[in-house]
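One file, data_32.txt, is given below (compact mmCIF, C-alpha atoms and all ligand atoms).
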# COMPACT_ATOMS: atom_id res chain seq x y z
CA MET A 1 32.83 52.56 -10.09
CA ASN A 2 35.89 54.76 -9.97
CA PHE A 3 37.77 54.20 -6.67
CA GLU A 4 37.99 57.93 -5.85
CA ASN A 5 34.20 58.17 -6.03
CA TRP A 6 33.48 55.52 -3.35
CA TRP A 7 32.16 58.22 -0.97
CA LEU A 8 29.20 58.70 -3.30
CA LEU A 9 27.83 55.48 -1.75
CA SER A 10 27.37 57.27 1.56
CA PHE A 11 24.41 59.29 0.18
CA PRO A 12 21.98 56.35 -0.22
CA LEU A 13 23.25 54.91 3.11
CA PHE A 14 22.45 58.12 5.04
CA PHE A 15 19.09 58.29 3.31
CA LEU A 16 18.28 54.71 4.41
CA LEU A 17 19.31 55.39 8.02
CA GLY A 18 17.12 58.49 8.12
CA TRP A 19 14.17 56.56 6.74
CA LEU A 20 14.61 53.78 9.33
CA ALA A 21 14.83 56.31 12.16
CA ALA A 22 11.54 57.85 11.01
CA LYS A 23 9.82 54.45 10.80
CA ILE A 24 11.00 52.91 14.07
CA ASP A 25 10.67 54.46 17.45
CA VAL A 26 13.82 53.00 18.97
CA LYS A 27 12.82 53.95 22.53
CA GLN A 28 9.49 52.15 22.13
CA LEU A 29 11.26 49.08 20.73
CA VAL A 30 13.54 48.88 23.78
CA THR A 31 10.58 49.27 26.19
CA GLU A 32 8.60 46.55 24.34
CA SER A 33 11.48 44.12 24.36
CA LYS A 34 11.86 44.61 28.14
CA ARG A 35 8.19 43.75 28.56
CA ILE A 36 8.62 40.38 26.81
CA PRO A 37 9.31 37.75 29.50
CA SER A 38 12.60 35.94 29.00
CA THR A 39 10.76 32.58 28.92
CA TYR A 40 9.00 33.67 25.69
CA ILE A 41 12.35 34.35 24.10
CA GLU A 42 13.66 31.03 25.41
CA GLY A 43 10.65 29.18 23.96
CA LEU A 44 11.01 31.04 20.68
CA ASN A 45 14.66 30.05 20.47
CA PHE A 46 13.81 26.40 20.97
CA LEU A 47 11.20 26.67 18.22
CA LEU A 48 13.66 28.32 15.87
CA ASN A 49 16.10 25.51 16.57
CA GLU A 50 13.34 22.93 15.93
CA GLU A 51 13.61 21.69 19.52
CA LYS A 52 9.87 21.17 19.93
CA ASP A 53 10.02 19.16 23.18
CA LYS A 54 11.95 21.89 24.97
CA ALA A 55 9.71 24.59 23.48
CA ILE A 56 6.60 22.76 24.80
CA GLU A 57 8.22 22.45 28.23
CA VAL A 58 8.94 26.18 28.36
CA LEU A 59 5.46 27.15 27.10
CA ILE A 60 3.74 24.85 29.63
CA GLN A 61 5.84 26.43 32.38
CA LEU A 62 4.82 29.86 31.12
CA SER A 63 1.13 28.87 30.95
CA ARG A 64 1.20 28.12 34.71
CA SER A 65 1.94 31.76 35.41
CA GLU A 66 -0.50 32.91 32.71
CA PRO A 67 -3.36 30.39 32.89
CA GLU A 68 -5.80 32.72 31.14
CA SER A 69 -3.72 33.05 27.97
CA VAL A 70 -5.66 31.41 25.13
CA GLU A 71 -2.83 32.04 22.63
CA LEU A 72 -0.42 30.03 24.76
CA GLN A 73 -2.79 27.06 24.77
CA PHE A 74 -3.19 27.25 20.98
CA ALA A 75 0.60 27.32 20.62
CA ILE A 76 1.05 24.31 22.95
CA GLY A 77 -1.73 22.36 21.17
CA SER A 78 -0.21 23.04 17.73
CA LEU A 79 3.19 21.89 18.91
CA PHE A 80 1.75 18.64 20.28
CA ARG A 81 -0.03 18.09 16.92
CA ASP A 82 3.15 18.82 14.94
CA LYS A 83 4.97 16.27 17.10
CA GLY A 84 2.24 13.71 16.37
CA ASP A 85 1.13 13.58 20.02
CA MET A 86 -2.54 13.72 19.09
CA GLN A 87 -3.91 12.73 22.47
CA ARG A 88 -2.29 15.74 24.15
CA ALA A 89 -3.12 18.07 21.25
CA LEU A 90 -6.78 17.09 21.59
CA ALA A 91 -6.68 17.47 25.37
CA VAL A 92 -5.33 21.04 25.04
CA HIS A 93 -7.76 22.08 22.29
CA GLN A 94 -10.78 20.47 23.95
CA GLY A 95 -9.69 22.11 27.21
CA LEU A 96 -9.99 25.44 25.41
CA LEU A 97 -13.52 24.56 24.28
CA ASP A 98 -14.51 23.84 27.88
CA ARG A 99 -13.64 27.39 28.92
CA PRO A 100 -16.75 29.39 29.77
CA VAL A 101 -15.36 32.65 28.41
CA LEU A 102 -14.16 32.66 24.80
CA THR A 103 -14.83 35.07 21.98
CA ASN A 104 -16.69 33.69 18.96
CA SER A 105 -13.49 33.78 16.94
CA GLN A 106 -11.55 31.89 19.64
CA ARG A 107 -14.31 29.27 19.93
CA ASN A 108 -14.36 28.72 16.15
CA ARG A 109 -10.59 28.49 16.13
CA ALA A 110 -10.69 25.86 18.90
CA VAL A 111 -13.39 23.86 17.07
CA LEU A 112 -11.25 24.00 13.90
CA ALA A 113 -8.19 22.86 15.87
CA VAL A 114 -10.08 19.88 17.35
CA GLY A 115 -11.33 18.96 13.83
CA ARG A 116 -7.80 19.13 12.51
CA ASP A 117 -6.54 16.97 15.41
CA PHE A 118 -9.20 14.29 14.75
CA MET A 119 -8.35 14.40 11.02
CA LYS A 120 -4.67 13.84 11.72
CA SER A 121 -5.62 11.01 14.11
CA GLY A 122 -7.53 9.30 11.28
CA LEU A 123 -10.86 9.68 13.13
CA TYR A 124 -12.64 11.08 10.10
CA ASP A 125 -16.23 10.97 11.40
CA ARG A 126 -15.32 13.04 14.45
CA ALA A 127 -13.18 15.38 12.31
CA GLU A 128 -16.11 15.98 9.95
CA GLU A 129 -18.42 16.65 12.89
CA PHE A 130 -16.15 19.39 14.28
CA LEU A 131 -15.16 20.91 10.92
CA ARG A 132 -18.83 21.28 10.01
CA ARG A 133 -19.40 23.17 13.27
CA VAL A 134 -16.99 26.00 12.33
CA SER A 135 -18.83 29.18 11.38
CA GLY A 136 -18.02 32.85 10.80
CA ASP A 137 -15.82 34.37 8.14
CA GLU A 138 -12.42 34.07 9.75
CA HIS A 139 -11.96 30.31 10.13
CA LEU A 140 -14.65 29.01 7.77
CA PRO A 141 -12.50 28.85 4.58
CA GLU A 142 -9.87 26.73 6.34
CA ALA A 143 -12.58 24.43 7.72
CA ILE A 144 -14.13 23.98 4.23
CA LYS A 145 -10.69 23.33 2.75
CA LEU A 146 -10.00 20.65 5.36
CA LEU A 147 -13.44 19.11 4.78
CA THR A 148 -12.64 18.88 1.06
CA ASP A 149 -9.31 17.18 1.87
CA LEU A 150 -11.16 14.85 4.24
CA TYR A 151 -13.58 13.74 1.50
CA VAL A 152 -10.73 13.32 -0.98
CA ILE A 153 -8.89 11.04 1.49
CA GLN A 154 -12.06 8.94 1.69
CA ASN A 155 -12.63 9.01 -2.10
CA ASP A 156 -16.02 10.63 -1.42
CA TRP A 157 -15.85 12.63 -4.66
CA ALA A 158 -19.46 13.88 -4.67
CA ARG A 159 -19.02 15.55 -1.28
CA ALA A 160 -15.56 16.79 -2.27
CA ILE A 161 -17.21 18.55 -5.24
CA ASP A 162 -19.85 20.14 -2.97
CA THR A 163 -17.30 21.50 -0.50
CA ALA A 164 -14.96 22.67 -3.28
CA TYR A 165 -17.86 24.66 -4.78
CA LYS A 166 -18.59 26.06 -1.31
CA LEU A 167 -14.95 27.11 -0.94
CA ARG A 168 -15.12 28.90 -4.29
CA ALA A 169 -18.33 30.69 -3.26
CA THR A 170 -16.78 31.68 0.10
CA THR A 171 -13.32 32.78 -0.99
CA GLY A 172 -13.44 33.20 -4.77
CA VAL A 173 -10.58 30.73 -5.16
CA LYS A 174 -10.17 29.36 -8.72
CA ASN A 175 -10.34 25.62 -8.02
CA ASN A 176 -11.78 24.54 -11.39
CA ALA A 177 -8.93 22.11 -12.08
CA GLN A 178 -9.44 20.41 -8.73
CA ILE A 179 -13.22 20.10 -9.18
CA ALA A 180 -12.71 18.71 -12.70
CA HIS A 181 -10.46 15.97 -11.27
CA PHE A 182 -13.12 15.05 -8.71
CA MET A 183 -15.70 14.77 -11.54
CA ILE A 184 -13.34 12.58 -13.55
CA GLU A 185 -12.90 10.32 -10.51
CA LEU A 186 -16.70 9.93 -10.44
CA ALA A 187 -16.62 9.14 -14.16
CA ALA A 188 -13.97 6.46 -13.49
CA ILE A 189 -16.26 4.85 -10.89
CA CYS A 190 -19.11 4.86 -13.46
CA ARG A 191 -16.82 3.09 -15.92
CA THR A 192 -15.94 0.34 -13.43
CA GLU A 193 -19.70 -0.16 -13.02
CA ARG A 194 -20.08 -0.33 -16.83
CA ASP A 195 -22.16 2.84 -16.75
CA ASP A 196 -20.74 4.57 -19.86
CA GLU A 197 -23.53 7.14 -20.00
CA GLY A 198 -22.82 8.20 -16.41
CA ALA A 199 -19.11 8.43 -17.26
CA ILE A 200 -19.80 10.57 -20.35
CA LYS A 201 -22.04 12.86 -18.26
CA TRP A 202 -19.33 13.46 -15.61
CA LEU A 203 -16.56 13.85 -18.19
CA SER A 204 -18.61 16.43 -20.12
CA LYS A 205 -19.17 18.33 -16.86
CA ALA A 206 -15.41 18.17 -16.15
CA ILE A 207 -14.68 19.62 -19.60
CA SER A 208 -17.09 22.51 -18.89
CA GLU A 209 -15.47 23.04 -15.48
CA ASP A 210 -11.91 23.13 -16.83
CA SER A 211 -11.75 23.37 -20.61
CA LEU A 212 -7.93 23.41 -20.58
CA SER A 213 -7.56 20.11 -18.72
CA PRO A 214 -6.34 17.21 -20.91
CA ARG A 215 -7.58 14.46 -18.60
CA PRO A 216 -11.35 14.57 -19.33
CA LEU A 217 -10.65 14.68 -23.09
CA ILE A 218 -8.36 11.65 -22.83
CA ASP A 219 -10.86 9.68 -20.72
CA LEU A 220 -13.85 10.66 -22.89
CA GLY A 221 -11.99 9.46 -25.98
CA ASN A 222 -11.31 6.18 -24.21
CA VAL A 223 -15.01 5.72 -23.43
CA PHE A 224 -15.91 6.38 -27.10
CA LYS A 225 -13.20 3.97 -28.28
CA GLY A 226 -14.53 1.30 -25.89
CA GLN A 227 -17.96 1.74 -27.50
CA GLY A 228 -16.54 1.47 -31.02
CA ARG A 229 -17.23 5.18 -31.68
CA TYR A 230 -13.77 5.61 -33.24
CA GLN A 231 -14.41 8.85 -35.16
CA GLU A 232 -15.81 10.52 -32.02
CA ALA A 233 -12.78 9.33 -30.02
CA ILE A 234 -10.47 10.77 -32.69
CA ASN A 235 -12.36 14.09 -32.72
CA VAL A 236 -12.09 14.42 -28.93
CA TRP A 237 -8.40 13.46 -28.83
CA TRP A 238 -7.36 15.88 -31.57
CA LYS A 239 -8.74 18.68 -29.39
CA LEU A 240 -5.60 18.10 -27.29
CA GLU A 241 -3.57 19.53 -30.15
CA LYS A 242 -4.83 23.03 -29.33
CA CYS A 243 -4.59 23.03 -25.53
CA CYS A 244 -1.81 20.59 -24.72
CA PRO A 245 -0.28 18.59 -27.63
CA LYS A 246 2.25 16.83 -25.39
CA TYR A 247 -0.62 14.86 -23.81
CA ILE A 248 -1.28 13.15 -27.15
CA ALA A 249 1.78 11.09 -26.15
CA LEU A 250 -0.37 9.38 -23.51
CA ILE A 251 -2.89 8.06 -26.04
CA SER A 252 -0.82 7.77 -29.22
CA ASP A 253 -1.29 3.97 -29.44
CA GLU A 254 -5.07 4.23 -28.93
CA LEU A 255 -5.22 7.06 -31.47
CA MET A 256 -3.41 4.91 -34.05
CA ASP A 257 -5.80 2.00 -33.28
CA CYS A 258 -8.88 4.16 -33.94
CA HIS A 259 -7.47 5.39 -37.27
CA GLN A 260 -6.53 1.80 -38.13
CA ASN A 261 -10.09 0.62 -37.41
CA LEU A 262 -11.46 3.29 -39.75
CA GLY A 263 -8.80 2.56 -42.39
CA ILE A 264 -7.42 6.13 -42.20
CA LYS A 265 -4.02 5.60 -40.60
CA ASN A 266 -2.43 7.87 -43.23
CA GLN A 267 -4.36 10.80 -41.76
CA CYS A 268 -2.98 9.97 -38.33
CA LEU A 269 0.60 9.90 -39.63
CA ALA A 270 0.15 13.23 -41.42
CA LYS A 271 -1.30 14.91 -38.34
CA ILE A 272 1.39 13.56 -36.00
CA LYS A 273 4.08 14.70 -38.45
CA ASP A 274 2.60 18.22 -38.24
CA ILE A 275 2.78 18.16 -34.45
CA ILE A 276 6.35 16.83 -34.20
CA GLU A 277 7.49 19.40 -36.73
CA VAL A 278 6.73 22.01 -34.06
CA ASP A 279 7.62 19.92 -30.98
CA PRO A 280 9.59 16.65 -31.38
CA ILE A 281 7.79 14.77 -28.58
CA HIS A 282 9.62 11.45 -28.15
CA GLU A 283 6.53 9.22 -27.92
CA LEU A 284 5.05 10.82 -31.06
CA LEU A 285 8.31 10.38 -32.97
CA LEU A 286 8.09 6.66 -32.13
CA SER A 287 4.48 6.54 -33.36
CA ALA A 288 5.39 8.35 -36.59
CA PHE A 289 8.32 5.95 -37.18
CA GLU A 290 6.09 2.92 -36.54
CA MET A 291 3.36 4.18 -38.89
CA SER A 292 5.86 5.24 -41.53
CA THR A 293 7.46 1.77 -41.49
CA GLU A 294 4.05 0.14 -41.88
CA LEU A 295 2.53 2.50 -44.44
CA GLN A 296 5.50 3.81 -46.43
CA GLY A 297 8.17 1.14 -46.05
CA MET A 298 11.58 0.90 -44.40
CA GLU A 299 13.35 3.41 -46.63
CA ALA A 300 10.94 6.24 -45.86
CA ALA A 301 11.00 5.34 -42.14
CA ASN A 302 14.81 5.48 -42.12
CA ASP A 303 14.74 8.93 -43.74
CA LEU A 304 12.43 9.96 -40.92
CA ALA A 305 14.82 8.46 -38.33
CA GLN A 306 17.72 10.47 -39.81
CA ASP A 307 15.64 13.61 -39.55
CA PHE A 308 14.71 12.81 -35.92
CA LEU A 309 18.37 12.13 -35.06
CA ARG A 310 19.37 15.53 -36.46
CA LYS A 311 16.60 17.28 -34.52
CA THR A 312 16.85 15.52 -31.15
CA SER A 313 20.35 13.93 -30.89
CA ASP A 314 18.47 11.08 -29.19
CA VAL A 315 20.35 7.76 -29.28
CA THR A 316 17.04 6.00 -30.08
CA TRP A 317 17.28 7.29 -33.67
CA ALA A 318 20.93 6.36 -34.13
CA ILE A 319 19.92 2.69 -34.09
CA PRO A 320 17.60 2.62 -37.17
CA VAL A 321 20.03 4.94 -38.98
CA LEU A 322 22.91 2.52 -38.31
CA ASN A 323 20.70 -0.42 -39.27
CA SER A 324 20.03 1.17 -42.66
CA ILE A 325 23.74 1.89 -43.17
CA LYS A 326 24.67 -1.67 -42.12
CA ALA A 327 22.83 -3.21 -45.07
CA ASN A 328 25.18 -1.54 -47.59
CA LEU A 329 28.43 -2.50 -45.88
CA GLU A 330 30.88 -5.34 -46.34
CA GLU A 331 30.77 -8.21 -43.88
CA THR A 332 33.62 -7.02 -41.54
CA SER A 333 32.32 -3.45 -41.32
CA ARG A 334 28.79 -4.80 -40.88
CA GLN A 335 29.92 -6.76 -37.81
CA GLU A 336 31.47 -3.60 -36.34
CA VAL A 337 28.28 -1.58 -36.89
CA TYR A 338 26.27 -4.44 -35.41
CA LEU A 339 28.49 -4.26 -32.29
CA LEU A 340 27.97 -0.49 -32.14
CA ILE A 341 24.20 -0.95 -32.30
CA ARG A 342 24.38 -3.48 -29.44
CA VAL A 343 26.31 -0.94 -27.34
CA LEU A 344 23.84 1.84 -28.13
CA GLU A 345 20.92 -0.40 -27.21
CA THR A 346 22.34 -0.86 -23.72
CA TYR A 347 22.42 2.94 -23.35
CA ARG A 348 18.83 3.23 -24.44
CA GLN A 349 17.48 2.88 -20.93
CA ASP A 350 13.87 2.55 -19.91
CA LYS A 351 12.05 5.80 -19.51
CA GLN A 352 10.18 6.75 -16.39
CA TYR A 353 7.52 9.29 -15.49
CA GLN A 354 8.58 11.61 -12.70
CA CYS A 355 6.59 13.77 -10.30
CA GLU A 356 7.72 17.38 -10.60
CA SER A 357 6.84 18.03 -6.99
CA CYS A 358 8.45 15.18 -5.02
CA GLY A 359 10.51 13.39 -7.69
CA PHE A 360 8.70 10.03 -7.33
CA GLN A 361 9.31 7.90 -10.43
CA ALA A 362 6.87 5.46 -11.95
CA ASN A 363 6.45 3.29 -15.03
CA THR A 364 3.07 4.82 -15.78
CA HIS A 365 1.73 8.34 -15.85
CA TYR A 366 -0.39 9.44 -12.88
CA TRP A 367 -2.82 12.33 -12.69
CA ARG A 368 -2.28 12.36 -8.95
CA CYS A 369 1.09 11.50 -7.49
CA PRO A 370 0.88 8.31 -5.38
CA ALA A 371 3.65 9.66 -3.13
CA CYS A 372 2.91 13.36 -2.48
CA ARG A 373 -0.83 13.10 -3.43
CA LEU A 374 -0.73 16.30 -5.51
CA TRP A 375 -2.69 16.60 -8.76
CA ASP A 376 -1.15 17.27 -12.19
CA THR A 377 2.47 16.96 -11.10
CA TYR A 378 3.43 14.34 -13.73
CA PRO A 379 4.43 15.66 -17.16
CA PRO A 380 2.89 13.55 -19.95
CA THR A 381 6.24 12.50 -21.33
CA ALA A 382 8.66 10.09 -19.66
CA ILE A 383 12.23 11.03 -18.91
CA GLN A 384 15.32 9.01 -19.74
CA ILE A 385 16.99 7.43 -16.73
CA GLY A 386 20.37 6.40 -18.08
CA ALA A 387 23.96 7.21 -18.89
CA LEU A 388 23.10 9.10 -22.07
CA GLY A 389 19.82 10.48 -20.71
ZN ZN B 401 4.82 13.63 -6.01

Spell out the structure here as structure tokens.
Ligand SMILES: [Zn+2]
Amino acid sequence: MNFENWWLLSFPLFFLLGWLAAKIDVKQLVTESKRIPSTYIEGLNFLLNEEKDKAIEVLIQLSRSEPESVELQFAIGSLFRDKGDMQRALAVHQGLLDRPVLTNSQRNRAVLAVGRDFMKSGLYDRAEEFLRRVSGDEHLPEAIKLLTDLYVIQNDWARAIDTAYKLRATTGVKNNAQIAHFMIELAAICRTERDDEGAIKWLSKAISEDSLSPRPLIDLGNVFKGQGRYQEAINVWWKLEKCCPKYIALISDELMDCHQNLGIKNQCLAKIKDIIEVDPIHELLLSAFEMSTELQGMEAANDLAQDFLRKTSDVTWAIPVLNSIKANLEETSRQEVYLLIRVLETYRQDKQYQCESCGFQANTHYWRCPACRLWDTYPPTAIQIGALG
């Protein structure tokens, strides 16, 4: 803006001040703030500074002069729970329940608070008892959500499914992905009990519940493969190509095995080449290189490696390229290239799967993070943890 025109800025500023004056009755604001006892402000300050002990002290002091205040008791109880002092949190919340005069909403809120306290204390039976007692529209969704979490903690997947459906019916929340995971957990239990038919039933239900989820397709293919139904496994796994091709990385070895067993590994190589043409997924490049070496010979595989190196600049592909060059060199130069390969191999670090939510790293892929317990936070491809990564 031209310097001489700076005063033009004053127009929007005056407009804003006028608008604020119209919205806020300044006199009223001053009167209200005088009505707020200074102890509230003191307690609020402690809370804002994360000094929970001092905040509790101030609020308890305040509650002596205002013993009827239900809100104060809820605030004190929540602070005790946040601090992990469950005995006192329960005492405060149960004290509220003992009051003869409470509105329905306040009573439900107190029942919910007691349920939450028992849940945090690890007393799941008592938590369930209280959470099931919550009724009415206002606090019911939270109670159902907590009940679902409670069943998940206990691996009670059938009940988790029931409450998750109830939550959807009550609030309209789209929790299809969550319900599908619960169904797949039930399928996994069937598999440990060698009940393949039960597993197939739950996995099919999970696919209907969340058609975009890769997990039931992957697990269903594994059940078919275990039964020797290789073509069916292949058909299910290739469905991943449409919804989420990166997840093929998780079953690329099994996919190659099935094609091998049917004597159609060429088809597998052709299909994987199509996918990596669009998206050079590291694990699929490795599979293509392995199959190309086996089916087409070293020369064709090295051509592929050169192509991958150009596309990805990944050190992994420099090694086969150098190996192919090495064969045509004189002895001294060959030794130097050999040394270079050795150096590159030290840079080719192990890859790890990493949770996108909490950063927890693992050697295997998890559908549910073992650290933060969230679902679907692991990408299907591992990341390089190393100097060149
Ligand atoms: Zn995590």

Show me which residues line ligand ZN 401 (chain B), defined as having an atom within 6 Å of a ligand atom where all atoms listed in the file count, and present them as a compact mmCIF listing (two decimals) with C-alpha atoms, keeping the file's coordinate frame.
# COMPACT_ATOMS: atom_id res chain seq x y z
CA CYS A 355 6.59 13.77 -10.30
CA SER A 357 6.84 18.03 -6.99
CA CYS A 358 8.45 15.18 -5.02
CA GLY A 359 10.51 13.39 -7.69
CA PHE A 360 8.70 10.03 -7.33
CA CYS A 369 1.09 11.50 -7.49
CA ALA A 371 3.65 9.66 -3.13
CA CYS A 372 2.91 13.36 -2.48

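Near segment 270-283 of chain A, within 6 Å and counting all atoms listed in the file, sit Ala249, Gln267 and Leu286 of chain A, not including residues fewer than 3 positions from it in the same chain.
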
Exercise. Could you list as a list in words every residue that has an atom within 12 Å of (-19.2, 6.5, -15.0), using the file's coordinates and counting all atoms listed in the file?
Worked result: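 Every residue inside that radius is included here: Met183, Ile184, Glu185, Leu186, Ala187, Ala188, Ile189, Cys190, Arg191, Thr192, Glu193, Arg194, Asp195, Asp196, Glu197, Gly198, Ala199, Ile200, Lys201, Trp202, Leu203, Ser204, Lys205, Asp219, Leu220 and Val223 of chain A.
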
Problem set entry | Computed interatomic separation between atom CA of Val92 of chain A and atom CA of Gly77 of chain A (Å) | 5.4 Å

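Shortest atom-to-atom contact with Leu262 of chain A among A:Ala288, A:Cys243, A:Ala206, A:Ile234: A:Ile234, counting all atoms listed in the file.
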
Problem set entry | Residues within 7 Å of Ala160 of chain A, all atoms listed in the file, excluding chain neighbours under 5 positions, as a list in words | Thr148, Tyr151 and Val152 of chain A

For this session: Just give me the gap between atom CA of Glu299 of chain A and atom CA of Leu285 of chain A in Å, one decimal is fine.
Result: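 Those two atoms sit 16.1 Å apart.
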
For this session: Excluding segment 335-351 of chain A and any residue of its chain fewer than 4 positions from it, enumerate the residues within 10 Å of it, using all atoms listed in the file, and give them as a PyMOL selection string.
Result: chain A and resi 314-316+318-323+325-327+329-331+361-364+381-389

For this session: Compare A:Lys239, A:Arg133, A:Gln61, A:Gln231 by their minimum atom-to-atom distance to Ile264 of chain A, counting all atoms listed in the file, and give me the closest one.
Result: A:Gln231

For this session: Write out as a list in words the residues lying within 10 Å of Ile251 of chain A, counting only C-alpha atoms and excluding same-chain residues fewer than 2 positions away.
Result: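 Listing them by chain and then by number gives Ile218, Asp219, Gly221, Asn222, Trp237, Tyr247, Ile248, Ala249, Asp253, Glu254, Leu255, Met256, Asp257, Glu283 and Leu284 of chain A.
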
Please define a box with edges along x, y and z of the file around all atoms of segment 334-344 of chain A given in the file, extend it by 5 Å on each side, and return its centre and edge lengths in Å to one decimal, as JSON.
{"center_x": 27.7, "center_y": -2.5, "center_z": -34.1, "size_x": 17.6, "size_y": 18.6, "size_z": 23.5}

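Between atom CA of Glu241 of chain A and atom CA of Ser213 of chain A the separation is 12.1 Å.
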
For this session: Enumerate, as JSON, numbers by chain, the protein, DNA and RNA residues whose atoms approach (-7.2, 24.4, -16.7) to within 8 Å, taking into account all atoms listed in the file and the coordinate frame of the file.
Result: {"A": [176, 177, 210, 211, 212, 213]}

Problem set entry | Option closest in space to Glu138 of chain A, from A:Lys242, A:His259, A:Arg109, A:Arg373 [counting all atoms listed in the file] |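 Nearest candidate to Glu138 of chain A out of A:Lys242, A:His259, A:Arg109, A:Arg373: A:Arg109.
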
For this session: Determine, counting only C-alpha atoms, which protein, DNA and RNA residues have an atom within 12 Å of an atom of segment 63-76 of chain A; residues of the same chain fewer than 3 positions away are not included. Present the result as a count of residues only.
Result: 47

Can you put N, CA and C atoms back into segment 142-153 of chain A and show it as a PDB file, in the coordinates of the input?
ATOM      1  N   GLU A 142     -10.799  27.795   5.982  1.00  0.00           N
ATOM      2  CA  GLU A 142      -9.870  26.730   6.340  1.00  0.00           C
ATOM      3  C   GLU A 142     -10.632  25.441   6.668  1.00  0.00           C
ATOM      4  N   ALA A 143     -11.779  25.605   7.365  1.00  0.00           N
ATOM      5  CA  ALA A 143     -12.580  24.430   7.720  1.00  0.00           C
ATOM      6  C   ALA A 143     -13.120  23.761   6.452  1.00  0.00           C
ATOM      7  N   ILE A 144     -13.584  24.554   5.485  1.00  0.00           N
ATOM      8  CA  ILE A 144     -14.130  23.980   4.230  1.00  0.00           C
ATOM      9  C   ILE A 144     -13.008  23.290   3.454  1.00  0.00           C
ATOM     10  N   LYS A 145     -11.828  23.913   3.455  1.00  0.00           N
ATOM     11  CA  LYS A 145     -10.690  23.330   2.750  1.00  0.00           C
ATOM     12  C   LYS A 145     -10.325  21.963   3.359  1.00  0.00           C
ATOM     13  N   LEU A 146     -10.318  21.916   4.688  1.00  0.00           N
ATOM     14  CA  LEU A 146     -10.000  20.650   5.360  1.00  0.00           C
ATOM     15  C   LEU A 146     -11.074  19.603   5.102  1.00  0.00           C
ATOM     16  N   LEU A 147     -12.348  20.055   5.078  1.00  0.00           N
ATOM     17  CA  LEU A 147     -13.440  19.110   4.780  1.00  0.00           C
ATOM     18  C   LEU A 147     -13.258  18.504   3.386  1.00  0.00           C
ATOM     19  N   THR A 148     -12.873  19.376   2.424  1.00  0.00           N
ATOM     20  CA  THR A 148     -12.640  18.880   1.060  1.00  0.00           C
ATOM     21  C   THR A 148     -11.533  17.823   1.077  1.00  0.00           C
ATOM     22  N   ASP A 149     -10.420  18.141   1.774  1.00  0.00           N
ATOM     23  CA  ASP A 149      -9.310  17.180   1.870  1.00  0.00           C
ATOM     24  C   ASP A 149      -9.788  15.867   2.514  1.00  0.00           C
ATOM     25  N   LEU A 150     -10.639  16.023   3.509  1.00  0.00           N
ATOM     26  CA  LEU A 150     -11.160  14.850   4.240  1.00  0.00           C
ATOM     27  C   LEU A 150     -11.950  13.938   3.292  1.00  0.00           C
ATOM     28  N   TYR A 151     -12.789  14.546   2.442  1.00  0.00           N
ATOM     29  CA  TYR A 151     -13.580  13.740   1.500  1.00  0.00           C
ATOM     30  C   TYR A 151     -12.698  13.127   0.423  1.00  0.00           C
ATOM     31  N   VAL A 152     -11.654  13.865   0.032  1.00  0.00           N
ATOM     32  CA  VAL A 152     -10.730  13.320  -0.980  1.00  0.00           C
ATOM     33  C   VAL A 152     -10.017  12.088  -0.413  1.00  0.00           C
ATOM     34  N   ILE A 153      -9.565  12.179   0.851  1.00  0.00           N
ATOM     35  CA  ILE A 153      -8.890  11.040   1.490  1.00  0.00           C
ATOM     36  C   ILE A 153      -9.805   9.812   1.458  1.00  0.00           C
TER      37      ILE A 153
END
